[in-house]
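Novice: Enclosed is the structure file data36.cif (mmCIF, C-alpha atoms and all ligand atoms).
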data_protein
#
loop_
_atom_site.group_PDB
_atom_site.id
_atom_site.type_symbol
_atom_site.label_atom_id
_atom_site.label_comp_id
_atom_site.auth_asym_id
_atom_site.auth_seq_id
_atom_site.Cartn_x
_atom_site.Cartn_y
_atom_site.Cartn_z
ATOM 1 C CA MET A 1 123.362 10.211 97.649
ATOM 2 C CA ASP A 2 120.244 9.337 99.591
ATOM 3 C CA ILE A 3 118.072 6.251 100.105
ATOM 4 C CA ARG A 4 116.367 6.715 96.717
ATOM 5 C CA ASP A 5 119.718 6.396 94.995
ATOM 6 C CA TYR A 6 120.980 3.450 97.014
ATOM 7 C CA LYS A 7 121.495 0.278 95.043
ATOM 8 C CA GLY A 8 122.826 -2.720 96.919
ATOM 9 C CA GLN A 9 126.072 -4.254 95.794
ATOM 10 C CA TRP A 10 124.402 -7.637 95.440
ATOM 11 C CA PRO A 11 121.823 -8.475 92.782
ATOM 12 C CA ASP A 12 118.244 -8.605 94.033
ATOM 13 C CA THR A 13 117.881 -12.234 95.087
ATOM 14 C CA GLY A 14 114.161 -12.142 95.758
ATOM 15 C CA HIS A 15 114.638 -14.598 98.637
ATOM 16 C CA ASP A 16 111.651 -14.651 100.954
ATOM 17 C CA PHE A 17 112.210 -15.374 104.646
ATOM 18 C CA SER A 18 109.155 -13.378 105.705
ATOM 19 C CA ASP A 19 108.446 -15.726 108.608
ATOM 20 C CA THR A 20 112.048 -15.823 109.840
ATOM 21 C CA ILE A 21 113.356 -13.322 112.375
ATOM 22 C CA MET A 22 116.732 -12.065 111.225
ATOM 23 C CA HIS A 23 119.322 -9.643 112.542
ATOM 24 C CA GLU A 24 121.666 -10.273 109.626
ATOM 25 C CA CYS A 25 120.720 -11.212 106.075
ATOM 26 C CA ILE A 26 121.956 -14.309 104.277
ATOM 27 C CA CYS A 27 124.145 -11.986 102.164
ATOM 28 C CA GLY A 28 125.894 -10.737 105.321
ATOM 29 C CA SER A 29 124.337 -7.283 105.455
ATOM 30 C CA ASN A 30 122.705 -6.037 108.655
ATOM 31 C CA LEU A 31 121.007 -3.055 107.010
ATOM 32 C CA TRP A 32 117.247 -3.252 106.337
ATOM 33 C CA ARG A 33 114.473 -1.222 104.808
ATOM 34 C CA VAL A 34 111.749 -0.957 107.432
ATOM 35 C CA ILE A 35 108.656 1.199 107.790
ATOM 36 C CA VAL A 36 108.964 3.265 110.986
ATOM 37 C CA SER A 37 107.223 6.063 112.820
ATOM 38 C CA PHE A 38 108.876 8.660 115.059
ATOM 39 C CA GLU A 39 107.991 10.444 118.272
ATOM 40 C CA GLU A 40 110.208 12.855 120.162
ATOM 41 C CA TYR A 41 113.099 12.282 117.748
ATOM 42 C CA GLU A 42 113.225 8.523 118.264
ATOM 43 C CA ILE A 43 111.763 5.493 116.546
ATOM 44 C CA ALA A 44 108.369 4.903 118.175
ATOM 45 C CA THR A 45 107.047 1.945 116.166
ATOM 46 C CA TYR A 46 108.212 -0.197 113.291
ATOM 47 C CA ALA A 47 106.681 -2.758 110.987
ATOM 48 C CA THR A 48 108.056 -6.276 111.247
ATOM 49 C CA ASP A 49 108.160 -6.748 107.478
ATOM 50 C CA MET A 50 111.585 -5.735 106.241
ATOM 51 C CA GLU A 51 113.770 -5.991 103.212
ATOM 52 C CA CYS A 52 117.555 -6.278 103.025
ATOM 53 C CA LEU A 53 119.105 -3.050 101.794
ATOM 54 C CA GLU A 54 121.760 -4.955 99.865
ATOM 55 C CA CYS A 55 119.939 -7.822 98.149
ATOM 56 C CA GLY A 56 116.211 -7.357 98.686
ATOM 57 C CA THR A 57 115.699 -10.526 100.721
ATOM 58 C CA ARG A 58 112.526 -10.244 102.811
ATOM 59 C CA ALA A 59 112.586 -11.179 106.489
ATOM 60 C CA LYS A 60 110.853 -10.507 109.802
ATOM 61 C CA ALA A 61 112.230 -7.805 112.099
ATOM 62 C CA PRO A 62 113.129 -8.845 115.639
ATOM 63 C CA THR A 63 111.133 -7.355 118.499
ATOM 64 C CA PRO A 64 111.855 -7.359 122.239
ATOM 65 C CA ILE A 65 109.329 -10.135 122.922
ATOM 66 C CA ASP A 66 111.173 -12.416 120.471
ATOM 67 C CA LYS A 67 114.288 -12.325 122.646
ATOM 68 C CA PRO A 68 114.859 -15.589 124.542
ATOM 69 C CA GLY A 69 114.088 -15.111 128.208
ATOM 70 C CA TYR A 70 111.977 -12.004 127.566
ATOM 71 C CA LYS A 71 109.894 -10.965 130.570
ATOM 72 C CA PRO A 72 107.419 -8.115 130.233
ATOM 73 C CA GLU A 73 108.139 -5.138 132.462
ATOM 74 C CA SER A 74 105.665 -4.664 135.253
ATOM 75 C CA LEU A 75 103.231 -1.866 134.667
ATOM 76 C CA ALA A 76 103.280 0.930 137.213
ATOM 77 C CA PHE A 77 99.874 2.388 137.958
HETATM 78 ZN ZN ZN B 1 120.745 -9.388 101.856
#
Before we go any further, please render this structure as structure tokens.
Specialist:
Amino acid sequence: MDIRDYKGQWPDTGHDFSDTIMHECICGSNLWRVIVSFEEYEIATYATDMECLECGTRAKAPTPIDKPGYKPESLAF
């Protein structure tokens, strides 16, 4: 089984929370389909549009700057 075969256990709800940052979906799943790129064997960038793997609900991926109290690291030149 791979990602092409995966069908969520919940019916596709079609809910759209595209403007809402979520870590966990309204169905309880914390697995998302996200477009990513890789560098040196790690995730380098990711799109903030995502879709719940279980039910298809759309939401916005969290990023470090969304975290309360976020302070940018100082740049070393
Ligand atoms: Zn869901």
Novice: Which residues would end up in the selection if the PyMOL selection byres (((not hetatm)) within 8 of (chain B and resi 1)) were applied here, given that I need the answer as a PDB file with C-alpha atoms, keeping the file's coordinate frame?
Specialist:
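What follows is the written file result_38.pdb:
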ATOM      1  CA  TRP A  10     124.402  -7.637  95.440  1.00  0.00           C
ATOM      2  CA  THR A  13     117.881 -12.234  95.087  1.00  0.00           C
ATOM      3  CA  GLU A  24     121.666 -10.273 109.626  1.00  0.00           C
ATOM      4  CA  CYS A  25     120.720 -11.212 106.075  1.00  0.00           C
ATOM      5  CA  ILE A  26     121.956 -14.309 104.277  1.00  0.00           C
ATOM      6  CA  CYS A  27     124.145 -11.986 102.164  1.00  0.00           C
ATOM      7  CA  GLY A  28     125.894 -10.737 105.321  1.00  0.00           C
ATOM      8  CA  SER A  29     124.337  -7.283 105.455  1.00  0.00           C
ATOM      9  CA  ASN A  30     122.705  -6.037 108.655  1.00  0.00           C
ATOM     10  CA  GLU A  51     113.770  -5.991 103.212  1.00  0.00           C
ATOM     11  CA  CYS A  52     117.555  -6.278 103.025  1.00  0.00           C
ATOM     12  CA  LEU A  53     119.105  -3.050 101.794  1.00  0.00           C
ATOM     13  CA  GLU A  54     121.760  -4.955  99.865  1.00  0.00           C
ATOM     14  CA  CYS A  55     119.939  -7.822  98.149  1.00  0.00           C
ATOM     15  CA  GLY A  56     116.211  -7.357  98.686  1.00  0.00           C
ATOM     16  CA  THR A  57     115.699 -10.526 100.721  1.00  0.00           C
TER      17      THR A  57
END
Novice: Specify as a PyMOL selection string each residue included when the PyMOL selection byres (((chain A and resi 62) around 12) and not hetatm) is applied to this file.
Specialist: chain A and resi 18-24+32+34+46-50+59-61+63-68
Novice: Could those residues be written to a file, using C-alpha atoms, as a compact mmCIF listing (two decimals), keeping the file's coordinate frame?
Specialist:
# COMPACT_ATOMS: atom_id res chain seq x y z
CA SER A 18 109.16 -13.38 105.70
CA ASP A 19 108.45 -15.73 108.61
CA THR A 20 112.05 -15.82 109.84
CA ILE A 21 113.36 -13.32 112.38
CA MET A 22 116.73 -12.06 111.22
CA HIS A 23 119.32 -9.64 112.54
CA GLU A 24 121.67 -10.27 109.63
CA TRP A 32 117.25 -3.25 106.34
CA VAL A 34 111.75 -0.96 107.43
CA TYR A 46 108.21 -0.20 113.29
CA ALA A 47 106.68 -2.76 110.99
CA THR A 48 108.06 -6.28 111.25
CA ASP A 49 108.16 -6.75 107.48
CA MET A 50 111.58 -5.74 106.24
CA ALA A 59 112.59 -11.18 106.49
CA LYS A 60 110.85 -10.51 109.80
CA ALA A 61 112.23 -7.80 112.10
CA THR A 63 111.13 -7.36 118.50
CA PRO A 64 111.86 -7.36 122.24
CA ILE A 65 109.33 -10.14 122.92
CA ASP A 66 111.17 -12.42 120.47
CA LYS A 67 114.29 -12.32 122.65
CA PRO A 68 114.86 -15.59 124.54
Novice: Just how far from CA of Asp5 (chain A) is CA of Ile35 (chain A), in Å to one decimal?
Specialist: 17.7 Å
Novice: Take CA of Glu73 (chain A) and CA of Leu31 (chain A) and report the distance between them in Å, one decimal.
Specialist: 28.6 Å
